[in-house]
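*Asks:* Dropping in data-v1.pdb, which is PDB, C-alpha atoms:
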```pdb
ATOM      1  CA  MET A 266      -0.379 -17.879   9.573
ATOM      2  CA  ASP A 267      -2.109 -14.890  11.192
ATOM      3  CA  PHE A 268      -0.359 -11.567  11.182
ATOM      4  CA  VAL A 269      -1.239  -7.898  11.139
ATOM      5  CA  PHE A 270       0.179  -5.084   9.030
ATOM      6  CA  ARG A 271       0.894  -1.671  10.403
ATOM      7  CA  ARG A 272       3.489   1.017  10.765
ATOM      8  CA  LEU A 273       6.547   0.132  12.787
ATOM      9  CA  GLU A 274       6.052   1.257  16.396
ATOM     10  CA  SER A 275       8.625   2.080  19.041
ATOM     11  CA  GLY A 276       7.830  -0.982  21.156
ATOM     12  CA  ASP A 277       7.974  -3.537  18.336
ATOM     13  CA  ASP A 278      10.235  -6.504  18.912
ATOM     14  CA  THR A 279      12.763  -6.443  16.081
ATOM     15  CA  LYS A 280      15.912  -7.680  17.818
ATOM     16  CA  ASP A 281      15.507 -11.322  16.751
ATOM     17  CA  PHE A 282      14.539 -10.508  13.178
ATOM     18  CA  ASP A 283      16.781 -12.434  10.796
ATOM     19  CA  CYS A 284      16.126 -12.460   7.063
ATOM     20  CA  GLY A 285      19.572 -13.816   6.262
ATOM     21  CA  LYS A 286      20.907 -10.446   5.121
ATOM     22  CA  PRO A 287      22.787  -8.677   7.920
ATOM     23  CA  GLN A 288      22.327  -5.285   6.287
ATOM     24  CA  LEU A 289      18.526  -5.640   6.219
ATOM     25  CA  ASN A 290      18.425  -7.014   9.781
ATOM     26  CA  GLU A 291      20.524  -4.152  11.041
ATOM     27  CA  TYR A 292      18.399  -1.586   9.262
ATOM     28  CA  LEU A 293      15.235  -2.816  10.954
ATOM     29  CA  SER A 294      16.678  -3.124  14.446
ATOM     30  CA  LYS A 295      18.843   0.016  14.451
ATOM     31  CA  TYR A 296      17.780   2.557  11.883
ATOM     32  CA  ALA A 297      14.149   2.068  10.811
ATOM     33  CA  ARG A 298      12.598   3.894  13.790
ATOM     34  CA  GLN A 299      15.190   6.630  13.572
ATOM     35  CA  ASP A 300      14.510   7.114   9.847
ATOM     36  CA  GLN A 301      10.788   7.168  10.529
ATOM     37  CA  ARG A 302      11.214   9.908  13.142
ATOM     38  CA  ARG A 303      13.438  11.915  10.815
ATOM     39  CA  MET A 304      10.990  11.390   7.915
ATOM     40  CA  PHE A 305      13.480   9.567   5.700
ATOM     41  CA  GLY A 306      11.131   6.689   5.127
ATOM     42  CA  VAL A 307       8.223   4.841   6.687
ATOM     43  CA  THR A 308       8.545   1.221   7.685
ATOM     44  CA  TYR A 309       5.525  -1.058   7.550
ATOM     45  CA  VAL A 310       5.710  -4.349   9.375
ATOM     46  CA  ALA A 311       3.962  -7.701   9.439
ATOM     47  CA  VAL A 312       3.602  -8.719  13.082
ATOM     48  CA  CYS A 313       2.852 -12.210  14.336
ATOM     49  CA  GLU A 314       2.615 -13.001  18.050
ATOM     50  CA  SER A 315       4.189  -9.641  18.906
ATOM     51  CA  LYS A 316       7.227 -10.274  16.701
ATOM     52  CA  VAL A 317       8.067  -8.547  13.453
ATOM     53  CA  ILE A 318       8.245 -11.218  10.751
ATOM     54  CA  GLY A 319       8.582  -8.969   7.719
ATOM     55  CA  TYR A 320       8.883  -5.352   6.706
ATOM     56  CA  PHE A 321       9.170  -2.894   3.885
ATOM     57  CA  THR A 322      10.119   0.765   3.744
ATOM     58  CA  LEU A 323       8.338   3.254   1.576
ATOM     59  CA  ALA A 324       8.938   6.876   0.629
ATOM     60  CA  THR A 325       8.198   9.150  -2.264
ATOM     61  CA  THR A 326      10.952  10.234  -4.590
ATOM     62  CA  ALA A 327      11.422  11.916  -7.945
ATOM     63  CA  ILE A 328      13.111  10.773 -11.130
ATOM     64  CA  PRO A 329      15.228  13.658 -12.491
ATOM     65  CA  ARG A 330      13.824  15.553 -15.466
ATOM     66  CA  ASP A 331      17.012  15.404 -17.496
ATOM     67  CA  GLY A 332      16.748  12.462 -19.833
ATOM     68  CA  LEU A 333      12.956  12.170 -19.678
ATOM     69  CA  PRO A 334      10.851  12.995 -22.721
ATOM     70  CA  GLU A 335       8.495  15.992 -22.535
ATOM     71  CA  ASP A 336       5.347  13.885 -22.743
ATOM     72  CA  MET A 337       6.263  12.130 -19.486
ATOM     73  CA  LEU A 338       6.671  15.493 -17.775
ATOM     74  CA  ARG A 339       3.417  17.041 -18.946
ATOM     75  CA  GLY A 340       1.658  18.769 -16.060
ATOM     76  CA  ILE A 341       4.637  18.507 -13.716
ATOM     77  CA  PRO A 342       5.976  21.820 -12.350
ATOM     78  CA  LYS A 343       9.128  23.000 -14.108
ATOM     79  CA  TYR A 344      11.577  22.307 -11.294
ATOM     80  CA  ASN A 345      10.147  18.993 -10.169
ATOM     81  CA  GLY A 346      11.160  15.543 -11.322
ATOM     82  CA  LEU A 347       8.748  12.765 -12.176
ATOM     83  CA  PRO A 348       7.081  11.709  -8.911
ATOM     84  CA  ALA A 349       7.475   8.055  -7.945
ATOM     85  CA  PHE A 350       7.349   5.773  -4.934
ATOM     86  CA  LEU A 351      10.536   4.311  -3.550
ATOM     87  CA  LEU A 352      10.378   0.807  -2.119
ATOM     88  CA  GLY A 353      13.675   0.906  -0.296
ATOM     89  CA  ARG A 354      13.779  -2.448   1.430
ATOM     90  CA  LEU A 355      11.614  -5.523   1.784
ATOM     91  CA  ALA A 356      12.555  -8.497   3.911
ATOM     92  CA  VAL A 357      11.008 -11.543   5.586
ATOM     93  CA  ASP A 358      12.326 -13.409   8.600
ATOM     94  CA  LYS A 359      13.962 -16.734   7.676
ATOM     95  CA  LYS A 360      11.577 -18.644   9.944
ATOM     96  CA  CYS A 361       8.628 -17.376   7.877
ATOM     97  CA  GLN A 362      10.105 -17.529   4.386
ATOM     98  CA  GLY A 363       8.275 -19.709   1.865
ATOM     99  CA  ARG A 364       4.859 -18.691   3.214
ATOM    100  CA  GLN A 365       4.227 -15.858   0.768
ATOM    101  CA  ILE A 366       4.755 -13.199   3.432
ATOM    102  CA  GLY A 367       6.923 -11.247   0.959
ATOM    103  CA  GLU A 368       4.144 -11.433  -1.616
ATOM    104  CA  HIS A 369       1.695 -10.185   0.994
ATOM    105  CA  LEU A 370       4.017  -7.329   1.947
ATOM    106  CA  LEU A 371       4.393  -6.352  -1.684
ATOM    107  CA  SER A 372       0.636  -6.361  -2.279
ATOM    108  CA  LYS A 373       0.220  -4.154   0.789
ATOM    109  CA  CYS A 374       2.887  -1.826  -0.535
ATOM    110  CA  PHE A 375       1.036  -1.583  -3.866
ATOM    111  CA  ASP A 376      -2.237  -0.943  -2.041
ATOM    112  CA  TYR A 377      -0.674   1.987  -0.215
ATOM    113  CA  CYS A 378       0.945   3.326  -3.391
ATOM    114  CA  LEU A 379      -2.290   3.136  -5.379
ATOM    115  CA  PHE A 380      -4.129   4.898  -2.611
ATOM    116  CA  ILE A 381      -1.579   7.675  -2.167
ATOM    117  CA  ALA A 382      -1.162   8.052  -5.925
ATOM    118  CA  LYS A 383      -4.589   9.680  -6.013
ATOM    119  CA  TRP A 384      -3.067  12.653  -4.235
ATOM    120  CA  THR A 385       0.546  12.645  -5.424
ATOM    121  CA  GLY A 386       0.112  11.749  -9.071
ATOM    122  CA  ALA A 387       2.986   9.261  -8.818
ATOM    123  CA  ARG A 388       2.671   6.448 -11.334
ATOM    124  CA  TYR A 389       5.793   4.340 -10.879
ATOM    125  CA  VAL A 390       7.240   2.324  -8.022
ATOM    126  CA  ILE A 391      11.012   2.181  -7.950
ATOM    127  CA  ALA A 392      12.592  -0.612  -5.929
ATOM    128  CA  ASP A 393      16.207  -0.524  -4.878
ATOM    129  CA  VAL A 394      17.074  -4.192  -5.112
ATOM    130  CA  GLU A 395      20.079  -6.201  -4.037
ATOM    131  CA  ASN A 396      21.157  -8.114  -7.140
ATOM    132  CA  SER A 397      20.514 -11.525  -5.577
ATOM    133  CA  ALA A 398      16.816 -10.594  -5.193
ATOM    134  CA  ILE A 399      16.221  -9.314  -8.743
ATOM    135  CA  SER A 400      14.508 -12.482  -9.956
ATOM    136  CA  TRP A 401      12.029 -12.345  -7.048
ATOM    137  CA  TYR A 402      10.963  -8.819  -8.030
ATOM    138  CA  GLU A 403      10.818  -9.771 -11.709
ATOM    139  CA  ARG A 404       8.238 -12.406 -10.864
ATOM    140  CA  PHE A 405       5.880  -9.590  -9.882
ATOM    141  CA  GLY A 406       6.571  -7.521 -12.979
ATOM    142  CA  PHE A 407       9.355  -5.205 -11.834
ATOM    143  CA  ARG A 408      11.773  -4.417 -14.674
ATOM    144  CA  ARG A 409      15.459  -3.625 -14.343
ATOM    145  CA  ILE A 410      16.665  -0.109 -14.883
ATOM    146  CA  GLU A 411      20.111  -0.606 -16.354
ATOM    147  CA  GLY A 412      22.918   1.905 -16.074
ATOM    148  CA  GLY A 413      23.363   2.376 -12.322
ATOM    149  CA  ARG A 414      26.733   3.024 -10.697
ATOM    150  CA  ASP A 415      26.216   0.569  -7.840
ATOM    151  CA  THR A 416      27.325  -2.910  -8.839
ATOM    152  CA  ALA A 417      25.577  -4.698  -5.950
ATOM    153  CA  TRP A 418      22.179  -2.995  -6.159
ATOM    154  CA  THR A 419      19.893  -2.379  -9.122
ATOM    155  CA  LYS A 420      16.946  -0.047  -9.451
ATOM    156  CA  MET A 421      13.797  -1.704 -10.729
ATOM    157  CA  LEU A 422      10.519  -0.220 -11.888
ATOM    158  CA  ILE A 423       6.881  -1.175 -12.085
ATOM    159  CA  ASP A 424       4.070   0.915 -13.504
ATOM    160  CA  LEU A 425       1.111   1.200 -11.102
ATOM    161  CA  GLU A 426      -1.144   0.889 -14.143
ATOM    162  CA  VAL A 427       0.085  -2.700 -14.453
ATOM    163  CA  VAL A 428      -0.823  -3.256 -10.794
ATOM    164  CA  ARG A 429      -4.232  -1.734 -11.443
ATOM    165  CA  THR A 430      -4.680  -4.099 -14.385
ATOM    166  CA  ALA A 431      -3.887  -7.003 -12.063
ATOM    167  CA  ILE A 432      -6.669  -5.818  -9.753
ATOM    168  CA  ASP A 433      -9.090  -5.385 -12.670
ATOM    169  CA  HIS A 434      -8.153  -8.883 -13.719
ATOM    170  CA  ARG A 435      -9.342 -10.038 -10.316
ATOM    171  CA  ALA A 436     -12.539  -8.018 -10.532
ATOM    172  CA  LYS A 437     -13.344  -9.585 -13.910
ATOM    173  CA  SER A 438     -12.762 -13.084 -12.619
ATOM    174  CA  PRO A 439     -16.010 -14.926 -11.919
ATOM    175  CA  VAL A 440     -16.939 -15.248  -8.260
ATOM    176  CA  HIS A 441     -17.681 -18.830  -7.347
TER     177      HIS A 441
ATOM    178  CA  MET B 119     -23.954  10.235  33.675
ATOM    179  CA  LYS B 120     -22.657  10.866  30.154
ATOM    180  CA  ALA B 121     -23.392  14.258  28.613
ATOM    181  CA  THR B 122     -25.811  13.970  25.715
ATOM    182  CA  VAL B 123     -26.766  16.117  22.765
ATOM    183  CA  LYS B 124     -30.283  16.252  21.379
ATOM    184  CA  PHE B 125     -31.102  16.727  17.723
ATOM    185  CA  GLN B 126     -33.986  16.167  15.400
ATOM    186  CA  ALA B 127     -33.755  14.627  11.950
ATOM    187  CA  ASP B 128     -36.185  14.331   9.060
ATOM    188  CA  LEU B 129     -36.169  10.943   7.443
ATOM    189  CA  ALA B 130     -37.885   9.860   4.229
ATOM    190  CA  SER B 131     -40.677   7.420   5.016
ATOM    191  CA  ALA B 132     -38.965   4.713   2.949
ATOM    192  CA  ASP B 133     -35.810   5.139   5.028
ATOM    193  CA  ASP B 134     -37.914   4.940   8.183
ATOM    194  CA  VAL B 135     -39.102   1.501   7.073
ATOM    195  CA  VAL B 136     -35.475   0.431   6.553
ATOM    196  CA  LEU B 137     -34.511   1.913   9.918
ATOM    197  CA  ASN B 138     -37.201  -0.036  11.743
ATOM    198  CA  ALA B 139     -36.279  -3.256   9.938
ATOM    199  CA  LEU B 140     -32.622  -2.782  10.850
ATOM    200  CA  MET B 141     -33.487  -2.053  14.478
ATOM    201  CA  GLU B 142     -35.438  -5.277  14.570
ATOM    202  CA  ASP B 143     -32.623  -7.274  12.928
ATOM    203  CA  LEU B 144     -30.055  -5.813  15.271
ATOM    204  CA  GLU B 145     -32.331  -6.009  18.303
ATOM    205  CA  VAL B 146     -31.724  -2.379  19.028
ATOM    206  CA  ARG B 147     -34.452  -0.853  21.156
ATOM    207  CA  SER B 148     -34.116   2.866  20.598
ATOM    208  CA  LYS B 149     -33.284   5.129  17.690
ATOM    209  CA  ALA B 150     -30.664   6.826  19.838
ATOM    210  CA  ASP B 151     -28.980   3.483  20.454
ATOM    211  CA  PHE B 152     -29.168   2.680  16.741
ATOM    212  CA  LEU B 153     -27.611   6.016  15.878
ATOM    213  CA  ALA B 154     -24.755   5.422  18.340
ATOM    214  CA  LYS B 155     -24.025   2.039  16.739
ATOM    215  CA  ALA B 156     -24.238   3.422  13.193
ATOM    216  CA  LEU B 157     -21.886   6.202  14.235
ATOM    217  CA  ALA B 158     -19.391   3.711  15.654
ATOM    218  CA  LEU B 159     -19.510   1.733  12.400
ATOM    219  CA  MET B 160     -18.952   4.823  10.243
ATOM    220  CA  ASN B 161     -16.156   5.945  12.551
ATOM    221  CA  TRP B 162     -14.461   2.579  12.074
ATOM    222  CA  ALA B 163     -14.847   2.804   8.278
ATOM    223  CA  VAL B 164     -13.283   6.272   8.216
ATOM    224  CA  LYS B 165     -10.372   5.131  10.403
ATOM    225  CA  GLU B 166      -9.716   2.189   8.083
ATOM    226  CA  LYS B 167      -9.709   4.486   5.042
ATOM    227  CA  LYS B 168      -7.302   6.811   6.822
ATOM    228  CA  ARG B 169      -4.990   3.844   7.282
ATOM    229  CA  GLY B 170      -5.116   3.308   3.531
ATOM    230  CA  HIS B 171      -7.238   0.155   3.834
ATOM    231  CA  ARG B 172     -10.106  -0.919   1.616
ATOM    232  CA  ILE B 173     -13.409  -2.098   3.039
ATOM    233  CA  VAL B 174     -14.579  -5.301   1.436
ATOM    234  CA  THR B 175     -16.841  -8.254   2.024
ATOM    235  CA  ILE B 176     -15.279 -11.673   1.687
ATOM    236  CA  ASP B 177     -16.808 -15.098   1.337
ATOM    237  CA  GLU B 178     -16.015 -18.173   3.422
ATOM    238  CA  GLN B 179     -12.952 -18.933   1.273
ATOM    239  CA  GLY B 180     -11.625 -15.448   1.878
ATOM    240  CA  ASP B 181     -12.307 -14.256  -1.681
ATOM    241  CA  VAL B 182     -13.354 -10.656  -2.109
ATOM    242  CA  ILE B 183     -17.008 -10.386  -3.086
ATOM    243  CA  ARG B 184     -17.566  -6.667  -3.008
ATOM    244  CA  GLU B 185     -15.788  -3.469  -2.071
ATOM    245  CA  LEU B 186     -17.535  -0.670  -0.230
ATOM    246  CA  VAL B 187     -17.002   2.468  -2.275
ATOM    247  CA  THR B 188     -18.862   5.674  -1.503
ATOM    248  CA  PRO B 189     -18.005   9.191  -2.650
ATOM    249  CA  GLU B 190     -17.745  10.268   0.995
ATOM    250  CA  LEU B 191     -15.311   7.519   1.989
ATOM    251  CA  GLU B 192     -13.259   8.034  -1.163
ATOM    252  CA  ARG B 193     -12.623  11.600  -0.029
ATOM    253  CA  ILE B 194     -10.793  10.376   3.055
ATOM    254  CA  ALA B 195      -7.091  10.897   2.566
ATOM    255  CA  PRO B 196      -4.889   8.222   4.124
ATOM    256  CA  GLU B 197      -2.674   9.194   6.998
ATOM    257  CA  LEU B 198       0.274   7.554   5.385
ATOM    258  CA  ASN B 199       2.360  10.709   5.257
ATOM    259  CA  LEU B 200       5.187   9.361   3.194
ATOM    260  CA  PRO B 201       8.355  11.402   3.330
ATOM    261  CA  SER B 202      10.084  12.469   0.165
ATOM    262  CA  VAL B 203      13.662  11.315  -0.332
ATOM    263  CA  SER B 204      16.134  12.004  -3.090
ATOM    264  CA  THR B 205      17.980   9.216  -4.848
ATOM    265  CA  THR B 206      20.991   9.338  -7.128
ATOM    266  CA  TRP B 207      20.335   8.639 -10.783
ATOM    267  CA  THR B 208      22.709   8.345 -13.704
ATOM    268  CA  LEU B 209      21.610   9.794 -17.027
ATOM    269  CA  GLU B 210      21.605   6.278 -18.470
ATOM    270  CA  GLU B 211      19.206   5.100 -15.749
ATOM    271  CA  VAL B 212      16.832   7.993 -16.415
ATOM    272  CA  GLN B 213      16.928   7.314 -20.156
ATOM    273  CA  ASN B 214      16.188   3.663 -19.454
ATOM    274  CA  VAL B 215      13.212   4.661 -17.278
ATOM    275  CA  ALA B 216      11.920   6.674 -20.244
ATOM    276  CA  ALA B 217      12.427   3.702 -22.563
ATOM    277  CA  LEU B 218      10.636   1.322 -20.183
ATOM    278  CA  ALA B 219       7.790   3.750 -19.613
ATOM    279  CA  SER B 220       7.232   4.594 -23.250
ATOM    280  CA  GLY B 221       7.222   1.024 -24.531
ATOM    281  CA  GLU B 222       4.204  -1.212 -24.606
ATOM    282  CA  GLN B 223       2.781  -1.712 -21.123
ATOM    283  CA  PRO B 224       3.519  -5.259 -19.981
ATOM    284  CA  LYS B 225       0.724  -7.534 -18.854
ATOM    285  CA  PRO B 226       0.597  -8.261 -15.121
ATOM    286  CA  THR B 227       2.424 -11.446 -14.216
ATOM    287  CA  THR B 228       0.572 -14.368 -12.660
ATOM    288  CA  HIS B 229       2.416 -13.707  -9.390
ATOM    289  CA  LEU B 230       1.225 -10.110  -9.385
ATOM    290  CA  VAL B 231      -2.369 -11.087 -10.122
ATOM    291  CA  ARG B 232      -2.230 -13.651  -7.334
ATOM    292  CA  ALA B 233      -0.670 -11.162  -4.914
ATOM    293  CA  MET B 234      -3.328  -8.543  -5.569
ATOM    294  CA  ASN B 235      -6.043 -11.194  -5.461
ATOM    295  CA  ARG B 236      -5.195 -12.912  -2.197
ATOM    296  CA  ARG B 237      -6.405 -10.211   0.164
TER     297      ARG B 237
END
```
If you convert what's in this file into structure tokens, what do you get?
*Replies:*
Amino acid sequence: MDFVFRRLESGDDTKDFDCGKPQLNEYLSKYARQDQRRMFGVTYVAVCESKVIGYFTLATTAIPRDGLPEDMLRGIPKYNGLPAFLLGRLAVDKKCQGRQIGEHLLSKCFDYCLFIAKWTGARYVIADVENSAISWYERFGFRRIEGGRDTAWTKMLIDLEVVRTAIDHRAKSPVH
Amino acid sequence: MKATVKFQADLASADDVVLNALMEDLEVRSKADFLAKALALMNWAVKEKKRGHRIVTIDEQGDVIRELVTPELERIAPELNLPSVSTTWTLEEVQNVAALASGEQPKPTTHLVRAMNRR
């Protein structure tokens, strides 16, 4: 399946997008462009034949200092939290599910995070995950952060160093 | 007629040999034409880096053979401009982040390796 990745644009066709989760459909069709304009998050889309077939939203965030050990905060200005990336949403249209589009979106997200991390110093990616999707994220190495107030959503974390190791793993693999 | 700019460049004789060989391979007749094409190629590479993309060669199966990394291209900052948002954290969540981060780093899962390998 051929598709392109890019930022969501104003003319993108999102009205028929259906990932099976009304909340995620509604976000893409109603709020994603608005949030992008207001700088609340950037939405990246996979587009096939002029239709959006998958998306994720990305922003930077900070984990509060209180509760973090000093060694994790070394070099971070006194009033700042620990910088991190926030993967807010990730969804694939039902018609395209089972074709690893989600995996492709996630790898693109990691690519962007690794690239931006050179300038921001962020090391972790936090995903805000609906509980029914936790096992999907776990497959890629995200770990649950227990203790949240929301009973339907769970924060999950992955260290970009683990992602980098996955890339090194590839580089060390023999080329046939 | 397009406006043009003239300039002169000194080239090492070894590079001149490469230049002539490339012009022959590419069937480019003039050095000016070659320069315009090289410029277009570099412009494309810079735009791709600004989009946060990597520049790689791939084989017929789509496997990555080599990545183009130069100090100049690595200086290009991506135009990703991510906004910063605040999220609500409980103290327990933050303490759990610290526990996860300070423990032994997990190995990448097979799904992660595959995901980062498929491009």
*Asks:* Quick check: residues of chain B within 10 Å of chain A, all atoms listed in the file, returned as number ranges by chain.
*Replies:* B: 167, 169-172, 177, 179, 181-184, 192, 195-220, 223-237
*Asks:* Could you dump the residues just selected with C-alpha atoms as a PDB file, in the frame of the given file?
*Replies:*
```pdb
ATOM      1  CA  LYS B 167      -9.709   4.486   5.042  1.00  0.00           C
ATOM      2  CA  ARG B 169      -4.990   3.844   7.282  1.00  0.00           C
ATOM      3  CA  GLY B 170      -5.116   3.308   3.531  1.00  0.00           C
ATOM      4  CA  HIS B 171      -7.238   0.155   3.834  1.00  0.00           C
ATOM      5  CA  ARG B 172     -10.106  -0.919   1.616  1.00  0.00           C
ATOM      6  CA  ASP B 177     -16.808 -15.098   1.337  1.00  0.00           C
ATOM      7  CA  GLN B 179     -12.952 -18.933   1.273  1.00  0.00           C
ATOM      8  CA  ASP B 181     -12.307 -14.256  -1.681  1.00  0.00           C
ATOM      9  CA  VAL B 182     -13.354 -10.656  -2.109  1.00  0.00           C
ATOM     10  CA  ILE B 183     -17.008 -10.386  -3.086  1.00  0.00           C
ATOM     11  CA  ARG B 184     -17.566  -6.667  -3.008  1.00  0.00           C
ATOM     12  CA  GLU B 192     -13.259   8.034  -1.163  1.00  0.00           C
ATOM     13  CA  ALA B 195      -7.091  10.897   2.566  1.00  0.00           C
ATOM     14  CA  PRO B 196      -4.889   8.222   4.124  1.00  0.00           C
ATOM     15  CA  GLU B 197      -2.674   9.194   6.998  1.00  0.00           C
ATOM     16  CA  LEU B 198       0.274   7.554   5.385  1.00  0.00           C
ATOM     17  CA  ASN B 199       2.360  10.709   5.257  1.00  0.00           C
ATOM     18  CA  LEU B 200       5.187   9.361   3.194  1.00  0.00           C
ATOM     19  CA  PRO B 201       8.355  11.402   3.330  1.00  0.00           C
ATOM     20  CA  SER B 202      10.084  12.469   0.165  1.00  0.00           C
ATOM     21  CA  VAL B 203      13.662  11.315  -0.332  1.00  0.00           C
ATOM     22  CA  SER B 204      16.134  12.004  -3.090  1.00  0.00           C
ATOM     23  CA  THR B 205      17.980   9.216  -4.848  1.00  0.00           C
ATOM     24  CA  THR B 206      20.991   9.338  -7.128  1.00  0.00           C
ATOM     25  CA  TRP B 207      20.335   8.639 -10.783  1.00  0.00           C
ATOM     26  CA  THR B 208      22.709   8.345 -13.704  1.00  0.00           C
ATOM     27  CA  LEU B 209      21.610   9.794 -17.027  1.00  0.00           C
ATOM     28  CA  GLU B 210      21.605   6.278 -18.470  1.00  0.00           C
ATOM     29  CA  GLU B 211      19.206   5.100 -15.749  1.00  0.00           C
ATOM     30  CA  VAL B 212      16.832   7.993 -16.415  1.00  0.00           C
ATOM     31  CA  GLN B 213      16.928   7.314 -20.156  1.00  0.00           C
ATOM     32  CA  ASN B 214      16.188   3.663 -19.454  1.00  0.00           C
ATOM     33  CA  VAL B 215      13.212   4.661 -17.278  1.00  0.00           C
ATOM     34  CA  ALA B 216      11.920   6.674 -20.244  1.00  0.00           C
ATOM     35  CA  ALA B 217      12.427   3.702 -22.563  1.00  0.00           C
ATOM     36  CA  LEU B 218      10.636   1.322 -20.183  1.00  0.00           C
ATOM     37  CA  ALA B 219       7.790   3.750 -19.613  1.00  0.00           C
ATOM     38  CA  SER B 220       7.232   4.594 -23.250  1.00  0.00           C
ATOM     39  CA  GLN B 223       2.781  -1.712 -21.123  1.00  0.00           C
ATOM     40  CA  PRO B 224       3.519  -5.259 -19.981  1.00  0.00           C
ATOM     41  CA  LYS B 225       0.724  -7.534 -18.854  1.00  0.00           C
ATOM     42  CA  PRO B 226       0.597  -8.261 -15.121  1.00  0.00           C
ATOM     43  CA  THR B 227       2.424 -11.446 -14.216  1.00  0.00           C
ATOM     44  CA  THR B 228       0.572 -14.368 -12.660  1.00  0.00           C
ATOM     45  CA  HIS B 229       2.416 -13.707  -9.390  1.00  0.00           C
ATOM     46  CA  LEU B 230       1.225 -10.110  -9.385  1.00  0.00           C
ATOM     47  CA  VAL B 231      -2.369 -11.087 -10.122  1.00  0.00           C
ATOM     48  CA  ARG B 232      -2.230 -13.651  -7.334  1.00  0.00           C
ATOM     49  CA  ALA B 233      -0.670 -11.162  -4.914  1.00  0.00           C
ATOM     50  CA  MET B 234      -3.328  -8.543  -5.569  1.00  0.00           C
ATOM     51  CA  ASN B 235      -6.043 -11.194  -5.461  1.00  0.00           C
ATOM     52  CA  ARG B 236      -5.195 -12.912  -2.197  1.00  0.00           C
ATOM     53  CA  ARG B 237      -6.405 -10.211   0.164  1.00  0.00           C
TER      54      ARG B 237
END
```
*Asks:* Given the file above and the PyMOL selection byres ((chain A and resi 282-284) around 8), which residues are selected, and can you give them as a ChimeraX atom specification?
*Replies:* /A:279-281,285-287,289-290,294,317-318,356-359
*Asks:* Please, could you write that set of residues out with C-alpha atoms as a CSV table (one decimal), in the frame of the given file?
*Replies:*
```
chain,number,residue,atom,x,y,z
A,279,THR,CA,12.8,-6.4,16.1
A,280,LYS,CA,15.9,-7.7,17.8
A,281,ASP,CA,15.5,-11.3,16.8
A,285,GLY,CA,19.6,-13.8,6.3
A,286,LYS,CA,20.9,-10.4,5.1
A,287,PRO,CA,22.8,-8.7,7.9
A,289,LEU,CA,18.5,-5.6,6.2
A,290,ASN,CA,18.4,-7.0,9.8
A,294,SER,CA,16.7,-3.1,14.4
A,317,VAL,CA,8.1,-8.5,13.5
A,318,ILE,CA,8.2,-11.2,10.8
A,356,ALA,CA,12.6,-8.5,3.9
A,357,VAL,CA,11.0,-11.5,5.6
A,358,ASP,CA,12.3,-13.4,8.6
A,359,LYS,CA,14.0,-16.7,7.7
```
*Asks:* Using all atoms listed in the file, which of A:Gly319, A:Asn345, A:Gly363, A:Arg354 sits nearest A:Gln288?
*Replies:*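 Among A:Gly319, A:Asn345, A:Gly363, A:Arg354, it is A:Arg354 that comes nearest to A:Gln288.
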*Asks:* Would you compute the distance between atom CA of A:Thr385 and atom CA of A:Ile366? Give it in Å to one decimal.
*Replies:*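 Taking atom CA of A:Thr385 and atom CA of A:Ile366, their separation equals 27.6 Å.
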*Asks:* Build an axis-aligned box that encloses every atom of stretch 130-133 of chain B listed in the file, pad it by 8 Å on each side, and report its centre and edge lengths in Å to one decimal, as lines of an AutoDock Vina configuration file.
*Replies:*
```
center_x = -38.2
center_y = 7.3
center_z = 4.0
size_x = 20.9
size_y = 21.1
size_z = 18.1
```
*Asks:* In Å, with one decimal, what is the gap from atom CA of A:Leu347 to atom CA of A:Leu425?
*Replies:*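 Computing the Euclidean distance for atom CA of A:Leu347 and atom CA of A:Leu425 yields 13.9 Å.
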*Asks:* Which value, in Å to one decimal, gives the distance between atom CA of B:Ala156 and atom CA of A:Phe270?
*Replies:*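 Separation of atom CA of B:Ala156 and atom CA of A:Phe270: 26.2 Å.
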*Asks:* On this structure, which residues satisfy the PyMOL selection byres ((chain B and resi 125) around 12), written as a PyMOL selection string?
*Replies:* chain B and resi 122-124+126-128+149-150+153
*Asks:* Env of A:Ser397: 10 Å cut, atoms = only C-alpha atoms, seq-sep filter 4 positions within chain, self excluded. Answer as a list in words.
*Replies:*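 Near neighbours after the sequence-gap exclusion: Trp401, Ala417, Trp418 and Thr419 of chain A.
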*Asks:* If you apply the PyMOL selection byres ((chain B and resi 187) around 12) to this file, what residues do you get, as a list in words?
*Replies:*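 Listing what the PyMOL selection byres ((chain B and resi 187) around 12) selects in the shown file: Ala163, Val164, Lys167, His171, Arg172, Ile173, Val174, Thr175, Arg184, Glu185, Leu186, Thr188, Pro189, Glu190, Leu191, Glu192, Arg193 and Ile194 of chain B.
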*Asks:* Select, from A:Glu314, A:Gln299, A:Thr416, A:Glu291, the residue with the minimum atom-to-atom distance to A:Asp278, counting only C-alpha atoms.
*Replies:*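 Looking only at the distances to A:Asp278, the closest residue turns out to be A:Glu314.
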*Asks:* Is it possible to add N, CA and C atoms to stretch 176-180 of chain B and hand it back as a tab-separated table (two decimals), keeping the file's coordinate frame?
*Replies:*
```tsv
chain	number	residue	atom	x	y	z
B	176	ILE	N	-15.95	-10.48	2.21
B	176	ILE	CA	-15.28	-11.67	1.69
B	176	ILE	C	-16.16	-12.89	1.96
B	177	ASP	N	-16.01	-13.89	1.11
B	177	ASP	CA	-16.81	-15.10	1.34
B	177	ASP	C	-16.06	-16.05	2.27
B	178	GLU	N	-16.61	-17.23	2.46
B	178	GLU	CA	-16.02	-18.17	3.42
B	178	GLU	C	-14.61	-18.61	3.03
B	179	GLN	N	-14.31	-18.55	1.72
B	179	GLN	CA	-12.95	-18.93	1.27
B	179	GLN	C	-11.98	-17.76	1.37
B	180	GLY	N	-12.49	-16.63	1.76
B	180	GLY	CA	-11.62	-15.45	1.88
B	180	GLY	C	-11.53	-14.65	0.59
```
